[in-house]
Every structure is written in C-alpha cells, then in structure tokens.
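Visitor: Input file: protein15.cif. Contents: mmCIF, C-alpha atoms.
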data_upload
#
loop_
_atom_site.label_atom_id
_atom_site.label_comp_id
_atom_site.auth_asym_id
_atom_site.auth_seq_id
_atom_site.Cartn_x
_atom_site.Cartn_y
_atom_site.Cartn_z
CA MET A 1 -40.74 32.20 -51.17
CA LYS A 2 -38.00 29.81 -52.28
CA TYR A 3 -38.63 26.12 -52.85
CA ILE A 4 -36.52 23.00 -52.67
CA THR A 5 -37.20 20.02 -54.94
CA LEU A 6 -37.34 16.70 -53.08
CA SER A 7 -35.86 13.50 -54.50
CA ASN A 8 -39.27 12.49 -55.90
CA GLY A 9 -39.73 15.80 -57.73
CA VAL A 10 -42.17 17.38 -55.23
CA LYS A 11 -41.49 21.06 -54.50
CA MET A 12 -41.37 22.05 -50.83
CA PRO A 13 -41.22 25.60 -49.42
CA MET A 14 -37.93 26.28 -47.64
CA LEU A 15 -39.61 28.30 -44.90
CA GLY A 16 -42.67 27.18 -43.00
CA TYR A 17 -44.63 27.71 -39.82
CA GLY A 18 -44.35 25.12 -37.04
CA VAL A 19 -47.09 24.62 -34.46
CA TYR A 20 -45.20 22.61 -31.84
CA GLN A 21 -46.33 23.75 -28.36
CA VAL A 22 -49.01 25.99 -29.87
CA THR A 23 -52.07 25.27 -27.76
CA LYS A 24 -55.40 24.17 -29.19
CA ASP A 25 -56.89 27.49 -28.05
CA GLU A 26 -54.32 29.54 -29.97
CA CYS A 27 -53.51 27.30 -32.91
CA GLU A 28 -56.30 28.27 -35.30
CA ARG A 29 -55.66 31.98 -34.85
CA CYS A 30 -51.88 31.52 -35.19
CA VAL A 31 -52.12 29.49 -38.39
CA LEU A 32 -54.50 32.05 -39.89
CA ASP A 33 -52.02 34.81 -38.99
CA ALA A 34 -49.19 32.83 -40.60
CA LEU A 35 -51.21 32.23 -43.76
CA ASN A 36 -52.12 35.91 -44.03
CA ILE A 37 -48.43 36.79 -43.78
CA GLY A 38 -47.58 34.42 -46.61
CA TYR A 39 -46.54 31.11 -45.06
CA ARG A 40 -47.63 28.11 -47.11
CA LEU A 41 -45.81 25.27 -45.34
CA ILE A 42 -47.55 24.32 -42.09
CA ASP A 43 -45.90 21.71 -39.88
CA THR A 44 -47.90 19.83 -37.25
CA ALA A 45 -47.93 16.32 -35.74
CA GLN A 46 -50.27 13.81 -34.17
CA SER A 47 -48.50 14.31 -30.84
CA TYR A 48 -49.06 18.10 -30.91
CA PHE A 49 -52.81 17.53 -30.53
CA ASN A 50 -53.64 20.47 -32.82
CA GLU A 51 -54.10 18.91 -36.27
CA GLU A 52 -57.83 19.69 -36.16
CA GLU A 53 -57.19 23.36 -35.42
CA VAL A 54 -54.70 23.53 -38.31
CA GLY A 55 -57.37 22.05 -40.59
CA ASN A 56 -59.95 24.57 -39.38
CA ALA A 57 -57.61 27.46 -40.14
CA ILE A 58 -56.86 26.21 -43.63
CA VAL A 59 -60.55 25.90 -44.44
CA LYS A 60 -61.32 29.35 -43.01
CA SER A 61 -58.45 30.94 -44.95
CA GLY A 62 -60.20 30.24 -48.25
CA ILE A 63 -56.84 29.64 -49.91
CA PRO A 64 -56.87 26.77 -52.46
CA ARG A 65 -55.59 23.48 -51.05
CA ASP A 66 -52.96 23.08 -53.75
CA GLU A 67 -51.24 26.23 -52.50
CA PHE A 68 -50.47 24.60 -49.13
CA PHE A 69 -47.75 22.19 -48.15
CA LEU A 70 -49.06 20.29 -45.12
CA THR A 71 -46.74 18.23 -42.95
CA SER A 72 -47.72 15.96 -40.10
CA LYS A 73 -45.99 13.16 -38.20
CA VAL A 74 -46.99 9.71 -37.03
CA TRP A 75 -46.50 9.29 -33.29
CA ILE A 76 -44.74 6.20 -31.83
CA ASP A 77 -47.96 4.91 -30.31
CA HIS A 78 -49.33 4.57 -33.84
CA TYR A 79 -46.39 2.62 -35.25
CA GLY A 80 -46.86 -0.77 -36.84
CA TYR A 81 -48.45 -1.30 -40.25
CA GLU A 82 -52.19 -1.34 -39.46
CA GLU A 83 -52.14 1.28 -36.72
CA CYS A 84 -50.06 3.66 -38.81
CA LYS A 85 -52.42 3.45 -41.81
CA LYS A 86 -55.40 4.10 -39.57
CA SER A 87 -53.71 7.03 -37.82
CA VAL A 88 -52.84 8.73 -41.13
CA GLU A 89 -56.48 8.49 -42.24
CA ILE A 90 -57.51 10.11 -38.94
CA SER A 91 -54.90 12.85 -39.43
CA MET A 92 -56.33 13.59 -42.88
CA GLN A 93 -59.82 13.84 -41.39
CA LYS A 94 -58.61 16.26 -38.72
CA LEU A 95 -56.70 18.32 -41.28
CA LYS A 96 -59.79 18.30 -43.54
CA THR A 97 -57.86 17.13 -46.58
CA ASP A 98 -57.82 14.06 -48.79
CA TYR A 99 -54.02 14.07 -49.05
CA ILE A 100 -51.04 15.20 -46.99
CA ASP A 101 -48.00 16.68 -48.67
CA LEU A 102 -45.44 15.19 -46.28
CA MET A 103 -45.89 12.57 -43.56
CA LEU A 104 -42.99 11.79 -41.25
CA LEU A 105 -42.28 9.08 -38.69
CA HIS A 106 -41.75 11.21 -35.59
CA GLN A 107 -39.21 9.16 -33.61
CA PRO A 108 -36.74 6.29 -34.27
CA PHE A 109 -38.27 3.97 -31.67
CA GLY A 110 -40.76 1.10 -31.74
CA ASP A 111 -42.01 -0.67 -34.88
CA TYR A 112 -41.02 2.07 -37.29
CA TYR A 113 -40.46 -0.46 -40.06
CA GLY A 114 -44.08 -1.58 -39.92
CA ALA A 115 -45.14 2.06 -39.93
CA TRP A 116 -42.84 2.81 -42.86
CA ARG A 117 -44.43 0.05 -44.97
CA ALA A 118 -47.79 1.73 -44.34
CA LEU A 119 -46.42 5.12 -45.43
CA GLU A 120 -44.97 3.54 -48.57
CA GLU A 121 -48.41 2.19 -49.54
CA LEU A 122 -50.16 5.46 -48.73
CA TYR A 123 -47.55 7.29 -50.82
CA GLU A 124 -48.06 4.96 -53.76
CA SER A 125 -51.85 5.41 -53.50
CA GLY A 126 -51.47 9.21 -53.74
CA LYS A 127 -52.69 10.02 -50.24
CA LEU A 128 -49.20 11.20 -49.32
CA ARG A 129 -47.15 13.26 -51.77
CA ALA A 130 -43.90 12.65 -49.90
CA ILE A 131 -42.79 10.59 -46.90
CA GLY A 132 -39.93 10.98 -44.48
CA ILE A 133 -38.53 10.62 -41.01
CA SER A 134 -37.83 12.81 -38.01
CA ASN A 135 -35.12 12.57 -35.36
CA PHE A 136 -33.36 9.74 -37.18
CA TYR A 137 -29.64 10.07 -36.55
CA PRO A 138 -27.28 9.01 -39.38
CA ASP A 139 -27.12 5.34 -38.35
CA ARG A 140 -30.92 4.97 -38.18
CA MET A 141 -31.33 7.02 -41.35
CA VAL A 142 -28.94 4.79 -43.30
CA ASP A 143 -30.74 1.75 -41.92
CA ILE A 144 -34.21 2.73 -43.12
CA ALA A 145 -32.93 4.29 -46.35
CA SER A 146 -31.07 1.09 -47.24
CA PHE A 147 -33.63 -1.56 -46.30
CA SER A 148 -36.89 0.03 -47.47
CA ARG A 149 -38.56 -0.12 -50.88
CA ILE A 150 -38.88 3.66 -50.92
CA CYS A 151 -36.15 5.87 -49.50
CA PRO A 152 -37.32 8.70 -47.20
CA MET A 153 -37.36 12.10 -48.87
CA VAL A 154 -37.01 14.31 -45.76
CA ASN A 155 -35.36 14.03 -42.34
CA GLN A 156 -36.47 16.61 -39.78
CA ILE A 157 -33.90 16.94 -37.00
CA GLU A 158 -32.65 19.43 -34.42
CA ILE A 159 -30.37 21.96 -36.15
CA HIS A 160 -29.23 25.39 -34.95
CA PRO A 161 -25.91 27.29 -34.66
CA HIS A 162 -24.91 25.32 -31.55
CA LEU A 163 -25.76 21.98 -33.21
CA GLN A 164 -24.97 22.32 -36.89
CA GLN A 165 -25.22 18.60 -37.73
CA ILE A 166 -22.21 18.66 -40.06
CA GLU A 167 -21.85 14.87 -40.19
CA ALA A 168 -25.60 14.26 -40.41
CA LYS A 169 -25.83 16.71 -43.30
CA LYS A 170 -23.19 14.77 -45.24
CA TRP A 171 -24.96 11.44 -44.70
CA ASN A 172 -28.43 12.73 -45.51
CA GLU A 173 -27.16 14.37 -48.69
CA LYS A 174 -25.47 11.10 -49.68
CA TYR A 175 -28.85 9.34 -49.50
CA LYS A 176 -30.68 12.34 -51.03
CA LEU A 177 -32.78 13.21 -47.98
CA GLN A 178 -33.72 16.86 -47.54
CA LEU A 179 -32.82 18.13 -44.08
CA GLU A 180 -35.40 20.17 -42.18
CA ALA A 181 -34.58 21.95 -38.93
CA TRP A 182 -36.82 21.78 -35.90
CA ALA A 183 -35.91 24.27 -33.17
CA PRO A 184 -33.89 26.36 -35.67
CA PHE A 185 -33.18 28.82 -32.85
CA GLY A 186 -32.47 26.12 -30.26
CA GLU A 187 -35.41 27.70 -28.42
CA GLY A 188 -33.03 30.51 -27.48
CA ARG A 189 -31.00 28.30 -25.17
CA GLY A 190 -27.35 29.05 -24.52
CA GLY A 191 -28.03 32.76 -25.02
CA ILE A 192 -28.02 32.21 -28.76
CA PHE A 193 -29.84 35.46 -29.59
CA GLU A 194 -27.25 37.47 -27.65
CA LEU A 195 -24.11 35.94 -29.15
CA PRO A 196 -21.82 38.84 -30.13
CA GLU A 197 -20.86 37.16 -33.40
CA LEU A 198 -24.52 36.99 -34.48
CA LYS A 199 -25.34 40.48 -33.19
CA LYS A 200 -22.46 41.97 -35.18
CA ILE A 201 -23.66 40.31 -38.39
CA ALA A 202 -27.24 41.40 -37.63
CA GLU A 203 -26.18 45.02 -37.16
CA LYS A 204 -24.33 44.99 -40.48
CA HIS A 205 -27.45 43.83 -42.33
CA ASN A 206 -29.86 45.87 -40.20
CA ARG A 207 -31.59 42.63 -39.17
CA THR A 208 -32.34 40.73 -35.99
CA THR A 209 -30.24 37.81 -34.81
CA ALA A 210 -33.25 35.55 -35.43
CA GLN A 211 -33.30 36.60 -39.09
CA ILE A 212 -29.57 35.98 -39.38
CA ILE A 213 -30.01 32.46 -37.98
CA LEU A 214 -32.83 31.67 -40.39
CA ARG A 215 -30.86 33.06 -43.33
CA TRP A 216 -27.89 30.90 -42.29
CA HIS A 217 -30.10 27.79 -42.37
CA LEU A 218 -31.51 28.67 -45.79
CA GLN A 219 -28.09 29.25 -47.31
CA ARG A 220 -27.07 25.81 -46.06
CA GLY A 221 -29.99 24.39 -48.03
CA ILE A 222 -31.97 23.47 -44.92
CA VAL A 223 -35.76 23.88 -44.63
CA VAL A 224 -36.82 25.77 -41.48
CA ILE A 225 -40.10 25.87 -39.55
CA PRO A 226 -39.81 28.59 -36.87
CA LYS A 227 -42.69 28.91 -34.42
CA SER A 228 -44.13 32.02 -32.81
CA THR A 229 -47.58 32.93 -31.50
CA HIS A 230 -47.02 36.62 -32.28
CA ALA A 231 -47.87 37.95 -35.74
CA GLU A 232 -45.08 40.54 -35.68
CA ARG A 233 -42.49 37.85 -34.97
CA MET A 234 -43.98 35.67 -37.69
CA LYS A 235 -43.51 38.56 -40.14
CA GLU A 236 -39.94 39.04 -38.97
CA ASN A 237 -39.16 35.35 -39.47
CA PHE A 238 -40.72 35.44 -42.94
CA ASP A 239 -38.68 38.46 -44.07
CA VAL A 240 -35.40 36.67 -44.83
CA PHE A 241 -35.29 36.35 -48.60
CA ASP A 242 -34.03 39.79 -49.61
CA PHE A 243 -30.50 39.66 -48.21
CA GLU A 244 -27.58 37.23 -48.22
CA LEU A 245 -24.80 36.36 -45.80
CA THR A 246 -21.24 36.50 -47.11
CA LYS A 247 -18.89 33.52 -47.09
CA GLU A 248 -17.02 35.13 -44.21
CA GLU A 249 -20.24 35.54 -42.20
CA MET A 250 -21.23 31.93 -42.88
CA SER A 251 -17.76 30.86 -41.70
CA THR A 252 -18.11 32.94 -38.54
CA ILE A 253 -21.38 31.20 -37.68
CA ALA A 254 -19.82 27.81 -38.46
CA LEU A 255 -17.38 28.43 -35.60
CA LEU A 256 -20.30 28.61 -33.13
CA ASP A 257 -20.93 24.87 -33.45
CA LYS A 258 -20.75 23.04 -30.11
CA ASP A 259 -21.95 19.79 -31.66
CA GLU A 260 -24.32 19.19 -28.76
CA SER A 261 -28.10 19.12 -28.45
CA ALA A 262 -29.92 21.87 -26.58
CA PHE A 263 -32.37 19.22 -25.42
CA PHE A 264 -31.37 15.53 -25.39
CA SER A 265 -29.68 12.79 -27.39
CA HIS A 266 -31.58 9.92 -28.98
CA TYR A 267 -28.46 7.82 -28.44
CA ASP A 268 -28.98 8.04 -24.67
CA PRO A 269 -30.73 4.87 -23.38
CA LYS A 270 -32.33 6.92 -20.61
CA ILE A 271 -34.05 9.02 -23.27
CA ALA A 272 -35.34 5.86 -24.92
CA GLU A 273 -36.75 4.81 -21.53
CA TRP A 274 -38.32 8.27 -21.15
CA PHE A 275 -40.16 7.85 -24.45
CA VAL A 276 -41.40 4.43 -23.31
CA SER A 277 -42.72 5.89 -20.05
CA MET A 278 -44.35 8.80 -21.91
CA ILE A 279 -46.16 6.39 -24.23
CA ALA A 280 -47.41 4.38 -21.26
CA GLU A 281 -48.62 7.52 -19.49
CA ARG A 282 -50.49 8.75 -22.57
CA ARG A 283 -52.19 5.38 -22.93
CA LYS A 284 -53.38 5.58 -19.35
CA GLN A 285 -54.76 9.08 -19.99
CA GLN A 286 -56.58 7.87 -23.12
CA ASP A 287 -58.04 4.90 -21.22
CA CYS A 288 -59.29 7.23 -18.48
CA THR A 289 -60.87 9.50 -21.09
CA LYS A 290 -62.64 6.55 -22.71
CA GLU A 291 -63.93 5.36 -19.32
CA LYS A 292 -65.36 8.80 -18.52
CA LYS A 293 -67.17 8.91 -21.86
CA ASN A 294 -68.76 5.56 -21.08
CA TRP A 295 -70.04 6.61 -17.66
#
Take the structure I supplied and represent it as structure tokens, if you would.
Guide:
Amino acid sequence: MKYITLSNGVKMPMLGYGVYQVTKDECERCVLDALNIGYRLIDTAQSYFNEEEVGNAIVKSGIPRDEFFLTSKVWIDHYGYEECKKSVEISMQKLKTDYIDLMLLHQPFGDYYGAWRALEELYESGKLRAIGISNFYPDRMVDIASFSRICPMVNQIEIHPHLQQIEAKKWNEKYKLQLEAWAPFGEGRGGIFELPELKKIAEKHNRTTAQIILRWHLQRGIVVIPKSTHAERMKENFDVFDFELTKEEMSTIALLDKDESAFFSHYDPKIAEWFVSMIAERRKQQDCTKEKKNW
C-alpha cells in the first residue's frame, strides 16, 4: 500500500474501499472481505446508512484500530454547528470508535460554515484526525479554504477519465487539499471499460481496464475508493501497485477527458433544488418512523 501525507502530517492510504450503495445487508460482509484482502481505508457516510455495519465489520476483523483509516461524511441535514457536532458523535458510536480519521462535509449546500466550525473544534479536540470537504467545486473550495480558521485537508470529488478535473486539481493543489476520487470508474458510464485506448494499454500490461484506470488515478496523486460487492473484483482493484503507466500512456488517457460529469453538476440550480427536495423527503420519512415507534 502507498500512502499520501496530508497537509497536517496525517498519512492516508491512496487506495481504499468505498461503501456507497452497499446495502446494510451486504455491508458487513463486504467490508470484512475488503479488510481480508488488505484494504485499510474504508469510506462511508451518514447518508449511506451503513456506518453501523462498517463498525461491526471492523470490530469482528480483530485488526487493531490504529491500522485503519476511517472516513465518514456529515450529511446536509446535519449541518449547522450544534447539529453537526451531535451527528459526528453519533457516527463515532455507530462506527464503534472514539475517533474518526477523516470527516468530510458531504455537499456544498446549507449551513456548511456552521458545520465546518464544529469540525474544526472536533479536530482540535482529537476526535477527528483530519477534516475535509466533498463535492466542493473550485469556487466553493477557495471560499471555505480562505475564510476558515483551519483549511480543509481533503476534497472528495467526481474524477474519472471522462472528467479529469484538470482545473480543480490545480486549485486544490494551490490550497494544499488532497484530491480523492469518488466514482473513479464513472460507474462504467459512457462505455468507459470498453474504450479502445484503455483496452490497448490494458493488454500491454496484461491488466484489466479497471486496473489501468485506478493506476492512472494513483499516478496523478489522487486517492481512490473503488466499490465492489464481489471479493474477486476487490482483489483486482487492490492489485495495482506493481506496475506503472508510461508518460505516453498517461498522455493517451489524458485525451479521453470530456470535462463533463457522468451524473450531474453542482452548479445547476435544478440540482440544488433536487437536494432540497431530497432533504425534505428524508425528514418526512424520519418523522413517520418516529410516529410508528410511539404507537
């Protein structure tokens, strides 16, 4: 495993296992599989609803806590100073740990400044070893990096061969934020695994296109957190440290950049409205759940 050193001196694995869209029923088994293979960075979030299962797997693994790098994210509904602090404490309880290695603000909407002040205090108290942001485009990143007491150490954003985030990479490096790629394969959209340029490089190295994509990320200095529910695919994704892409191969992949998201843009006001409606819907669901418990 290779590590990157964050701006505050904390070492972070460059390859981890992400549990986005891993169901509660499968999550514990999947995390245990990942740990057995050798993964030590586990990435979850409050909004994935599987923090507790991640915590169960870590306890069952028997591996010392200091060998793990745990990441979670504060959801928008828990923004604001007081609510954020409370939500992080709940996340630690679910993860069965008294500290979290990296806590991120999940989205650039709502009272993220109030939430950031809470993360700063939790960081200074030692409950969080590093703090960062997720889905903050360069303008929002510069904003929070410039007007906060403590600059974020990580920014987790969508990065893959069709969205290489060239400009974002420059800005994050200027402010010393480590980039981390969610959806490093773009979830396979746009036929990315079948691109002839990638297949040719894969054949040369006797690798899969997925391994070539992960290796490309790593050589750009970007942390990756691929997700799979299959142990064999987890092993494949983990086996990317014993070969290297040439400058020519890196240049070939650079030409695949379409500079467009495979999902949506946070600059789109309709997407902002969608997040608002999603928050409202989740609150209704939580209220209904509470009412049922009180019956």
Visitor: Using all atoms listed in the file for the distances, tell me which of A:Arg140, A:Arg233, A:His78, A:Arg215 is nearest to Tyr17 of chain A.
Guide: A:Arg233
Visitor: What do you get, as a ChimeraX atom specification, if you spell out every residue that the PyMOL selection byres ((chain A and resi 197) around 12) selects here?
Guide: /A:161,191-196,198-204,209,212-213,248-256
Visitor: Please, what distance in Å, to one decimal, runs between atom CA of Ile166 of chain A and atom CA of Arg220 of chain A?
Guide: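 Here the two named atoms are 10.5 Å from each other.
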Visitor: Here's the selection I'm unsure about, the PyMOL selection byres ((chain A and resi 130) around 6); applied to the file above, which residues does it give, as a PyMOL selection string?
Guide: chain A and resi 101-102+128-129+131
Visitor: Once the PyMOL selection byres ((chain A and resi 275) around 12) has been evaluated on this model, what residues remain selected, and can you format them as a list in words?
Guide: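 In the shown coordinates, the PyMOL selection byres ((chain A and resi 275) around 12) covers Trp75, Ile76, Asp77, His106, Gln107, Pro108, Phe109, Gly110, Phe264, Ser265, His266, Asp268, Pro269, Lys270, Ile271, Ala272, Glu273, Trp274, Val276, Ser277, Met278, Ile279, Ala280, Glu281 and Arg282 of chain A.
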Visitor: Can I get the selection written as a compact mmCIF listing (two decimals), in the coordinates of the input, with C-alpha atoms?
Guide:
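Okay, selection.txt is ready:
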# COMPACT_ATOMS: atom_id res chain seq x y z
CA TRP A 75 -46.50 9.29 -33.29
CA ILE A 76 -44.74 6.20 -31.83
CA ASP A 77 -47.96 4.91 -30.31
CA HIS A 106 -41.75 11.21 -35.59
CA GLN A 107 -39.21 9.16 -33.61
CA PRO A 108 -36.74 6.29 -34.27
CA PHE A 109 -38.27 3.97 -31.67
CA GLY A 110 -40.76 1.10 -31.74
CA PHE A 264 -31.37 15.53 -25.39
CA SER A 265 -29.68 12.79 -27.39
CA HIS A 266 -31.58 9.92 -28.98
CA ASP A 268 -28.98 8.04 -24.67
CA PRO A 269 -30.73 4.87 -23.38
CA LYS A 270 -32.33 6.92 -20.61
CA ILE A 271 -34.05 9.02 -23.27
CA ALA A 272 -35.34 5.86 -24.92
CA GLU A 273 -36.75 4.81 -21.53
CA TRP A 274 -38.32 8.27 -21.15
CA VAL A 276 -41.40 4.43 -23.31
CA SER A 277 -42.72 5.89 -20.05
CA MET A 278 -44.35 8.80 -21.91
CA ILE A 279 -46.16 6.39 -24.23
CA ALA A 280 -47.41 4.38 -21.26
CA GLU A 281 -48.62 7.52 -19.49
CA ARG A 282 -50.49 8.75 -22.57
Visitor: Using Å and a single decimal, report how far atom CA of Glu83 of chain A sits from atom CA of Glu180 of chain A.
Guide: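 Rounded to one decimal, the two atoms are 25.8 Å apart.
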Visitor: Between atom CA of Gly16 of chain A and atom CA of Gly55 of chain A, what is the spacing in Å?
Guide: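 Taking atom CA of Gly55 of chain A and atom CA of Gly16 of chain A, their separation equals 15.8 Å.
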Visitor: Check the smallest atom-to-atom distance from each of A:Ile150, A:Ser91, A:Gln156, A:Phe49 to Glu124 of chain A using only C-alpha atoms, then report the winner.
Guide: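 Answer, going by the shortest atom-to-atom distance: A:Ile150.
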Visitor: Select, from A:Met92, A:Ile144, A:Ala262, A:Ala115, the residue with the minimum atom-to-atom distance to Gly188 of chain A, counting all atoms listed in the file.
Guide: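 Closest to Gly188 of chain A, using all atoms listed in the file: A:Ala262.
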Visitor: Using all atoms of segment 166-169 of chain A listed in the file and a margin of 4 Å per side, can you give the axis-aligned box centre and edge lengths in Å to one decimal, as lines of an AutoDock Vina configuration file?
Guide:
center_x = -23.8
center_y = 16.5
center_z = -41.7
size_x = 12.0
size_y = 12.4
size_z = 11.2
Visitor: Find the residues around segment 132-138 of chain A up to 10 Å (all atoms listed in the file counted), leave out those fewer than 5 positions away in its own chain, and share them as a ChimeraX atom specification.
Guide: /A:73-74,102-109,112,116,119-120,143-145,150-158,165,167-172,177-182,265-267
Visitor: Please return as number ranges by chain every residue within 10 Å of (-51.6, 32.5, -42.8), taking into account all atoms listed in the file and the file's own coordinates.
Guide: A: 17, 28-42, 57-58, 61, 63, 231, 234
Visitor: Give me a file of those residues, with C-alpha atoms, as a PDB file, in the frame of the given file.
Guide:
ATOM      1  CA  TYR A  17     -44.630  27.710 -39.820  1.00  0.00           C
ATOM      2  CA  GLU A  28     -56.300  28.270 -35.300  1.00  0.00           C
ATOM      3  CA  ARG A  29     -55.660  31.980 -34.850  1.00  0.00           C
ATOM      4  CA  CYS A  30     -51.880  31.520 -35.190  1.00  0.00           C
ATOM      5  CA  VAL A  31     -52.120  29.490 -38.390  1.00  0.00           C
ATOM      6  CA  LEU A  32     -54.500  32.050 -39.890  1.00  0.00           C
ATOM      7  CA  ASP A  33     -52.020  34.810 -38.990  1.00  0.00           C
ATOM      8  CA  ALA A  34     -49.190  32.830 -40.600  1.00  0.00           C
ATOM      9  CA  LEU A  35     -51.210  32.230 -43.760  1.00  0.00           C
ATOM     10  CA  ASN A  36     -52.120  35.910 -44.030  1.00  0.00           C
ATOM     11  CA  ILE A  37     -48.430  36.790 -43.780  1.00  0.00           C
ATOM     12  CA  GLY A  38     -47.580  34.420 -46.610  1.00  0.00           C
ATOM     13  CA  TYR A  39     -46.540  31.110 -45.060  1.00  0.00           C
ATOM     14  CA  ARG A  40     -47.630  28.110 -47.110  1.00  0.00           C
ATOM     15  CA  LEU A  41     -45.810  25.270 -45.340  1.00  0.00           C
ATOM     16  CA  ILE A  42     -47.550  24.320 -42.090  1.00  0.00           C
ATOM     17  CA  ALA A  57     -57.610  27.460 -40.140  1.00  0.00           C
ATOM     18  CA  ILE A  58     -56.860  26.210 -43.630  1.00  0.00           C
ATOM     19  CA  SER A  61     -58.450  30.940 -44.950  1.00  0.00           C
ATOM     20  CA  ILE A  63     -56.840  29.640 -49.910  1.00  0.00           C
ATOM     21  CA  ALA A 231     -47.870  37.950 -35.740  1.00  0.00           C
ATOM     22  CA  MET A 234     -43.980  35.670 -37.690  1.00  0.00           C
TER      23      MET A 234
END
Visitor: Just the residues within 7 Å of Pro184 of chain A, please, counting all atoms listed in the file, with nothing from its chain fewer than 3 positions along; format it as a list in words.
Guide: Ile159, His160, Ala181, Val224 and Pro226 of chain A
Visitor: Given all atoms listed in the file as the basis, pick out the residue of A:Asp43, A:Asp111, A:Glu244, A:Glu187 nearest to Trp216 of chain A.
Guide: A:Glu244
Visitor: Using only C-alpha atoms, which residue out of A:Leu95, A:Val10, A:Val240, A:Ile100 lies closest to Gln219 of chain A?
Guide: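 Using only C-alpha atoms, Gln219 of chain A sits closest to A:Val240.
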Visitor: Rank A:Ile222, A:Ser72, A:Glu82, A:Ala118 by their smallest atom-to-atom distance to Leu6 of chain A, using all atoms listed in the file, and report the top residue only.
Guide: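 Checking each of A:Ile222, A:Ser72, A:Glu82, A:Ala118 against Leu6 of chain A, counting all atoms listed in the file, the winner is A:Ile222.
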